[in-house]
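S.K.: Submitted below is the structure of interest, expressed as C-alpha coordinates.
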Amino acid sequence: NRGAGSQDMTCWALYDEQWHAYFFPADFILLGGNSVRVWTKSDTDTDTDLYWGLDDPVWGNSGDTAFLRDSRDVIDSLGW
(Lines give C-alpha, C1' and ligand atoms only; values in the text may rest on other atoms or scores of the structure.)
Protein backbone atom coordinates (compact mmCIF):
# COMPACT_ATOMS: atom_id res chain seq x y z
CA ASN A 1 0.00 0.00 0.00
CA ARG A 2 1.93 2.99 -1.25
CA GLY A 3 -0.71 5.41 -0.01
CA ALA A 4 -0.87 7.06 3.39
CA GLY A 5 -4.33 5.71 4.23
CA SER A 6 -5.36 2.20 5.22
CA GLN A 7 -6.97 -0.15 2.70
CA ASP A 8 -9.76 -2.52 3.73
CA MET A 9 -9.10 -5.65 1.64
CA THR A 10 -12.27 -7.52 2.59
CA CYS A 11 -13.60 -9.29 -0.54
CA TRP A 12 -10.27 -8.83 -2.37
CA ALA A 13 -8.61 -11.76 -4.17
CA LEU A 14 -5.25 -12.70 -5.66
CA TYR A 15 -5.39 -15.16 -8.54
CA ASP A 16 -3.45 -16.56 -11.48
CA GLU A 17 -4.22 -17.16 -15.16
CA GLN A 18 -5.90 -20.49 -14.30
CA TRP A 19 -8.24 -18.76 -11.80
CA HIS A 20 -6.67 -20.33 -8.69
CA ALA A 21 -7.88 -17.75 -6.17
CA TYR A 22 -6.69 -16.68 -2.75
CA PHE A 23 -9.27 -14.60 -0.87
CA PHE A 24 -8.00 -12.14 1.71
CA PRO A 25 -9.32 -12.76 5.24
CA ALA A 26 -12.46 -10.91 6.28
CA ASP A 27 -11.65 -7.56 7.83
CA PHE A 28 -8.03 -7.59 6.58
CA ILE A 29 -6.75 -4.01 6.69
CA LEU A 30 -3.47 -3.11 4.97
CA LEU A 31 -2.09 -0.04 6.66
CA GLY A 32 -0.72 2.86 4.65
CA GLY A 33 2.93 2.44 3.67
CA ASN A 34 2.88 -1.29 4.52
CA SER A 35 2.96 -4.46 2.46
CA VAL A 36 1.85 -8.07 2.86
CA ARG A 37 3.25 -11.25 1.31
CA VAL A 38 0.90 -14.04 0.25
CA TRP A 39 2.50 -17.47 0.46
CA THR A 40 1.01 -20.56 -1.22
CA LYS A 41 2.15 -22.85 1.63
CA SER A 42 0.45 -23.35 5.00
CA ASP A 43 1.31 -21.44 8.16
CA THR A 44 -0.27 -18.95 10.53
CA ASP A 45 -1.35 -15.58 9.12
CA THR A 46 0.29 -12.44 10.50
CA ASP A 47 -0.01 -8.74 9.67
CA THR A 48 2.81 -9.07 7.11
CA ASP A 49 2.42 -12.65 5.84
CA LEU A 50 -0.74 -14.45 4.70
CA TYR A 51 -0.89 -18.16 3.78
CA TRP A 52 -2.95 -19.78 1.03
CA GLY A 53 -2.67 -23.25 2.59
CA LEU A 54 -1.89 -25.21 -0.58
CA ASP A 55 0.24 -28.34 -0.91
CA ASP A 56 1.09 -27.77 -4.59
CA PRO A 57 2.55 -24.75 -6.39
CA VAL A 58 0.17 -22.40 -8.18
CA TRP A 59 2.42 -20.06 -10.11
CA GLY A 60 3.80 -21.31 -13.44
CA ASN A 61 7.61 -21.52 -13.59
CA SER A 62 7.77 -20.66 -17.29
CA GLY A 63 5.35 -17.74 -16.98
CA ASP A 64 2.14 -16.67 -15.30
CA THR A 65 0.27 -13.55 -14.26
CA ALA A 66 -0.82 -12.57 -10.77
CA PHE A 67 -3.98 -10.46 -10.60
CA LEU A 68 -5.11 -8.46 -7.58
CA ARG A 69 -8.82 -7.75 -7.60
CA ASP A 70 -11.18 -5.93 -5.27
CA SER A 71 -14.91 -6.73 -5.21
CA ARG A 72 -15.42 -5.07 -8.63
CA ASP A 73 -12.26 -4.62 -10.70
CA VAL A 74 -8.69 -5.75 -11.29
CA ILE A 75 -6.54 -3.36 -9.25
CA ASP A 76 -3.13 -4.53 -10.46
CA SER A 77 -1.37 -7.38 -12.23
CA LEU A 78 2.15 -8.68 -12.64
CA GLY A 79 3.20 -11.06 -15.40
CA TRP A 80 6.44 -12.97 -15.96
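Chains: A, B, ... in order of the C-alpha coordinates. Residues: from 1 per chain. Ligands: from 1, in order shown.
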Would you kindly return, as a PyMOL selection string, each protein, DNA or RNA residue with an atom no farther than 10 Å from any atom of range 24-38 of chain A, considering only C-alpha atoms and excluding same-chain residues fewer than 5 positions away?
M.R.: chain A and resi 1-14+45-52+70
S.K.: Given only C-alpha atoms as the basis, pick out the residue of A:Ser42, A:Trp80, A:Ile75, A:His20 nearest to Ser62 in chain A.
M.R.: A:Trp80
S.K.: Select from chain A everything DSSP, run on the backbone, classes as strand (DSSP E), then give the selection as a PyMOL selection string.
M.R.: chain A and resi 7-8+13-15+21-23+29-30+37-39+49-51+65-69+74-79
S.K.: From the set A:Ala21, A:Val58, A:Leu68, A:Leu78, which residue has the shortest atom-to-atom contact distance to Lys41 in chain A, counting only C-alpha atoms?
M.R.: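 Of A:Ala21, A:Val58, A:Leu68, A:Leu78, the one nearest Lys41 in chain A is A:Val58, counting only C-alpha atoms.
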S.K.: Could you tell me how far CA of Pro57 in chain A lies from CA of Glu17 in chain A, in Å and to one decimal?
M.R.: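 We find that CA of Pro57 in chain A and CA of Glu17 in chain A lie 13.4 Å from each other.
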S.K.: What does the distance between CA of Asp56 in chain A and CA of Ser71 in chain A come to in Å, to one decimal place?
M.R.: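 One can read the CA of Asp56 in chain A to CA of Ser71 in chain A distance as 26.4 Å.
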S.K.: So that I can check the surroundings of Thr65 in chain A, please list as a PyMOL selection string every protein, DNA and RNA residue that reaches within 9 Å of it, counting only C-alpha atoms and ignoring chain neighbours fewer than 2 positions away.
M.R.: chain A and resi 15-17+59-60+63+67+77-80
S.K.: With N, CA and C atoms retained, export the selected residues as a short mmCIF file (atom, residue, chain, number, x, y, z; two decimals), in the first residue's frame.
M.R.:
data_model
loop_
_atom_site.label_atom_id
_atom_site.label_comp_id
_atom_site.auth_asym_id
_atom_site.auth_seq_id
_atom_site.Cartn_x
_atom_site.Cartn_y
_atom_site.Cartn_z
N TYR A 15 -5.22 -13.94 -7.76
CA TYR A 15 -5.39 -15.16 -8.54
C TYR A 15 -4.45 -15.19 -9.73
N ASP A 16 -4.35 -16.38 -10.34
CA ASP A 16 -3.45 -16.56 -11.48
C ASP A 16 -4.26 -16.72 -12.77
N GLU A 17 -3.57 -17.01 -13.86
CA GLU A 17 -4.22 -17.16 -15.16
C GLU A 17 -5.20 -18.33 -15.22
N TRP A 59 1.83 -20.94 -9.10
CA TRP A 59 2.42 -20.06 -10.11
C TRP A 59 3.26 -20.86 -11.10
N GLY A 60 3.07 -20.61 -12.39
CA GLY A 60 3.80 -21.31 -13.44
C GLY A 60 5.26 -20.87 -13.48
N GLY A 63 6.10 -18.97 -16.77
CA GLY A 63 5.35 -17.74 -16.98
C GLY A 63 3.97 -17.84 -16.38
N PHE A 67 -2.99 -11.53 -10.55
CA PHE A 67 -3.98 -10.46 -10.60
C PHE A 67 -4.46 -10.15 -9.19
N SER A 77 -1.81 -6.06 -11.77
CA SER A 77 -1.37 -7.38 -12.23
C SER A 77 0.14 -7.35 -12.45
N LEU A 78 0.72 -8.53 -12.40
CA LEU A 78 2.15 -8.68 -12.64
C LEU A 78 2.35 -9.97 -13.40
N GLY A 79 2.94 -9.88 -14.59
CA GLY A 79 3.20 -11.06 -15.40
C GLY A 79 4.69 -11.32 -15.52
N TRP A 80 5.04 -12.58 -15.74
CA TRP A 80 6.44 -12.97 -15.96
C TRP A 80 6.50 -14.16 -16.89
#
